[in-house]
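A.B. asks: Quick one: the structure is below, and I'll ask about it shortly.
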Amino acid sequence: MSYGQGYGGGYGGPPGSGYGGGYGGPPAYGGGPAPGGFAPVPQGPPPGADPQLWSWFTAVDSDRSGQISVHELQKALINGDWSPFDLDTVKLLMSIFDTDRSGTIGFNEFAGLWKYIKDWQNVFRHFDRDQSGSIDSRELQNALNQFGYNLSPQLLQLVERKYDVRKGTGPGVMPDADGITFDRFVRACVVIKQVTEAFQRLDTDRDGWVQINYEQFMHTVLSLP
């Protein structure tokens, strides 16, 4: 999969220049510790890094910690209609790319996340046949079928109710919105993939049926992001 930029959603407006150069503060006074001030910032991109991608990373890293938190990432991600990314989707993305399980993502992890989102943008563009900026029921069914997930009509309706911002309930529901936005489309597809893979690990004879006890069921469910 590969993505185009700025269609389904992705990072917000241009970040401008990176934070390169730095506020490290003056040298220590009299050989003692420096009096304090701005935290040191990276002096430039790591060797071989894409300078533009580095500028995005430093812009998203608003506290200049060298790591991006879930809330910093959410502020940087928008849908095609300029609505912010759903927090649950951001947490899902963090869980995928936070490979060292630090709770944040560094530049190398960010580079993988960047490409992942760009890829999903092209996928979203491909299945948004009416170019409405959202995925409707028919487009959702088409996408899942092409991904190899032949869900029953009942399951498709359940997916739509869960991820369509009009038909869901609770925080984040937007009654005036129409269809599944880019962020929720990504989350729906990723969750369906992960749940399917979890089932397949249990379905050792590949007959479409599994028999598990309560402990196995809870372990499977709680192991999902």
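Convention: chains lettered A, B, ... in structure tokens order; per-chain residue numbering from 1; ligands numbered from 1 as shown.
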As a ChimeraX atom specification, list the residues of stretch 75-200 of chain A assigned to strand (DSSP E or B) by DSSP on the backbone atoms of this structure.
C.D. replies: /A:77-79,84,105,135,180
A.B. asks: Set out as a tab-separated table a contact list for stretch 130-160 of chain A and stretch 65-87 of chain A with a cut-off of 12 Å, giving each residue of stretch 130-160 of chain A that qualifies its closest atom pair and distance in Å to one decimal, counting only C-alpha atoms, ordered by chain and rising residue number.
C.D. replies:
```
residue	atom	partner	partner_atom	distance
A:Gln131	CA	A:Gly80	CA	10.8
A:Ser132	CA	A:Gly80	CA	9.8
A:Gly133	CA	A:Gly80	CA	6.3
A:Ser134	CA	A:Gly80	CA	8.6
A:Ile135	CA	A:Gly80	CA	12.0
```
A.B. asks: Give me, as a list in words, all polymer residues having an atom no more than 10 Å from A:Val159, counting only C-alpha atoms and skipping those fewer than 2 positions away in the same chain.
C.D. replies: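 The filter keeps Ser137, Leu140, Leu151, Pro153, Gln154, Leu155, Leu156, Gln157, Arg161, Lys162, Tyr163, Asp164, Gly168, Ala188, Cys189 and Ile192 of chain A.
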A.B. asks: Give me the residues within 10 Å of A:Thr99 as JSON, numbers by chain, counting only C-alpha atoms and dropping any in the same chain fewer than 5 places off.
C.D. replies: {"A": [94, 104, 105, 106, 108, 109]}
A.B. asks: Determine, counting only C-alpha atoms, which protein, DNA and RNA residues have an atom within 10 Å of an atom of A:Phe57; residues of the same chain fewer than 2 positions away are not included. Present the result as an mmCIF file with C-alpha atoms, in the first residue's frame.
C.D. replies:
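The resulting around_32.cif:
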```cif
data_model
loop_
_atom_site.group_PDB
_atom_site.id
_atom_site.type_symbol
_atom_site.label_atom_id
_atom_site.label_comp_id
_atom_site.auth_asym_id
_atom_site.auth_seq_id
_atom_site.Cartn_x
_atom_site.Cartn_y
_atom_site.Cartn_z
ATOM 1 C CA PRO A 15 5.417 22.731 10.687
ATOM 2 C CA GLY A 18 12.663 22.446 12.800
ATOM 3 C CA TYR A 19 14.071 23.227 16.189
ATOM 4 C CA PRO A 45 18.600 15.267 12.232
ATOM 5 C CA PRO A 51 15.474 16.609 6.883
ATOM 6 C CA GLN A 52 11.816 17.277 6.097
ATOM 7 C CA LEU A 53 10.679 14.359 8.235
ATOM 8 C CA TRP A 54 12.957 15.564 11.021
ATOM 9 C CA SER A 55 11.350 19.008 10.849
ATOM 10 C CA ALA A 59 7.415 20.373 15.321
ATOM 11 C CA VAL A 60 5.214 17.630 16.792
ATOM 12 C CA ASP A 61 7.595 17.260 19.758
ATOM 13 C CA SER A 62 6.246 20.429 21.329
ATOM 14 C CA ARG A 64 11.322 19.314 22.996
ATOM 15 C CA GLY A 66 13.074 14.172 21.886
ATOM 16 C CA GLN A 67 10.040 11.888 22.231
ATOM 17 C CA ILE A 68 6.431 12.285 21.099
ATOM 18 C CA LEU A 73 0.640 13.139 18.338
ATOM 19 C CA ALA A 76 -0.613 16.889 15.007
ATOM 20 C CA GLY A 106 11.253 8.498 19.087
ATOM 21 C CA PHE A 107 12.342 9.654 15.657
ATOM 22 C CA ASN A 108 12.887 6.191 14.152
ATOM 23 C CA PHE A 110 7.971 8.252 14.116
ATOM 24 C CA ALA A 111 9.449 7.581 10.666
ATOM 25 C CA TRP A 114 4.713 8.567 9.097
#
```
A.B. asks: Give me, please, the distance in Å between atom CA of A:Asp98 and atom CA of A:Ala143, quoted to one decimal.
C.D. replies: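 Answer for the atom CA of A:Asp98 to atom CA of A:Ala143 separation: 27.1 Å.
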A.B. asks: From a DSSP calculation on the backbone, collect every residue of stretch 62-176 of chain A in helix (DSSP H, G or I) and output the set as a PyMOL selection string.
C.D. replies: chain A and resi 70-76+87-97+107-127+137-146+153-163
A.B. asks: For A:Gln121, which residue out of A:Thr181, A:Ala49, A:Asp88, A:Arg201 is the nearest one, using only C-alpha atoms?
C.D. replies: A:Thr181
A.B. asks: Which residues are near A:Asp136? Cut-off 10 Å, only C-alpha atoms, ignore same chain within fewer than 6 positions. Put them as a list in words.
C.D. replies: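 Near neighbours after the sequence-gap exclusion: Phe127, Asp128, Arg129, Asp130, Asn142, Glu160, Asp164, Asp178, Gly179, Ile180 and Thr181 of chain A.
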A.B. asks: Take the residues that were just selected and, keeping C-alpha atoms, output them as an mmCIF file, in the first residue's frame.
C.D. replies:
```
data_model
loop_
_atom_site.group_PDB
_atom_site.id
_atom_site.type_symbol
_atom_site.label_atom_id
_atom_site.label_comp_id
_atom_site.auth_asym_id
_atom_site.auth_seq_id
_atom_site.Cartn_x
_atom_site.Cartn_y
_atom_site.Cartn_z
ATOM 1 C CA PHE A 127 -12.094 3.142 -1.415
ATOM 2 C CA ASP A 128 -13.720 6.569 -1.028
ATOM 3 C CA ARG A 129 -15.192 6.224 -4.495
ATOM 4 C CA ASP A 130 -17.519 9.228 -4.250
ATOM 5 C CA ASN A 142 -15.904 -3.179 -0.593
ATOM 6 C CA GLU A 160 -20.505 0.708 10.998
ATOM 7 C CA ASP A 164 -19.413 5.782 12.016
ATOM 8 C CA ASP A 178 -21.506 11.473 7.507
ATOM 9 C CA GLY A 179 -19.781 8.093 7.298
ATOM 10 C CA ILE A 180 -16.522 6.798 8.736
ATOM 11 C CA THR A 181 -13.729 9.360 8.874
#
```
A.B. asks: Grab the atom CA of A:His219 to atom CA of A:Thr196 distance for me, in Å with one decimal place.
C.D. replies: 14.9 Å
A.B. asks: Tell me, in Å to one decimal, how far atom CA of A:Gly208 is from atom CA of A:Val190.
C.D. replies: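 Rounded to one decimal, the two atoms are 20.4 Å apart.
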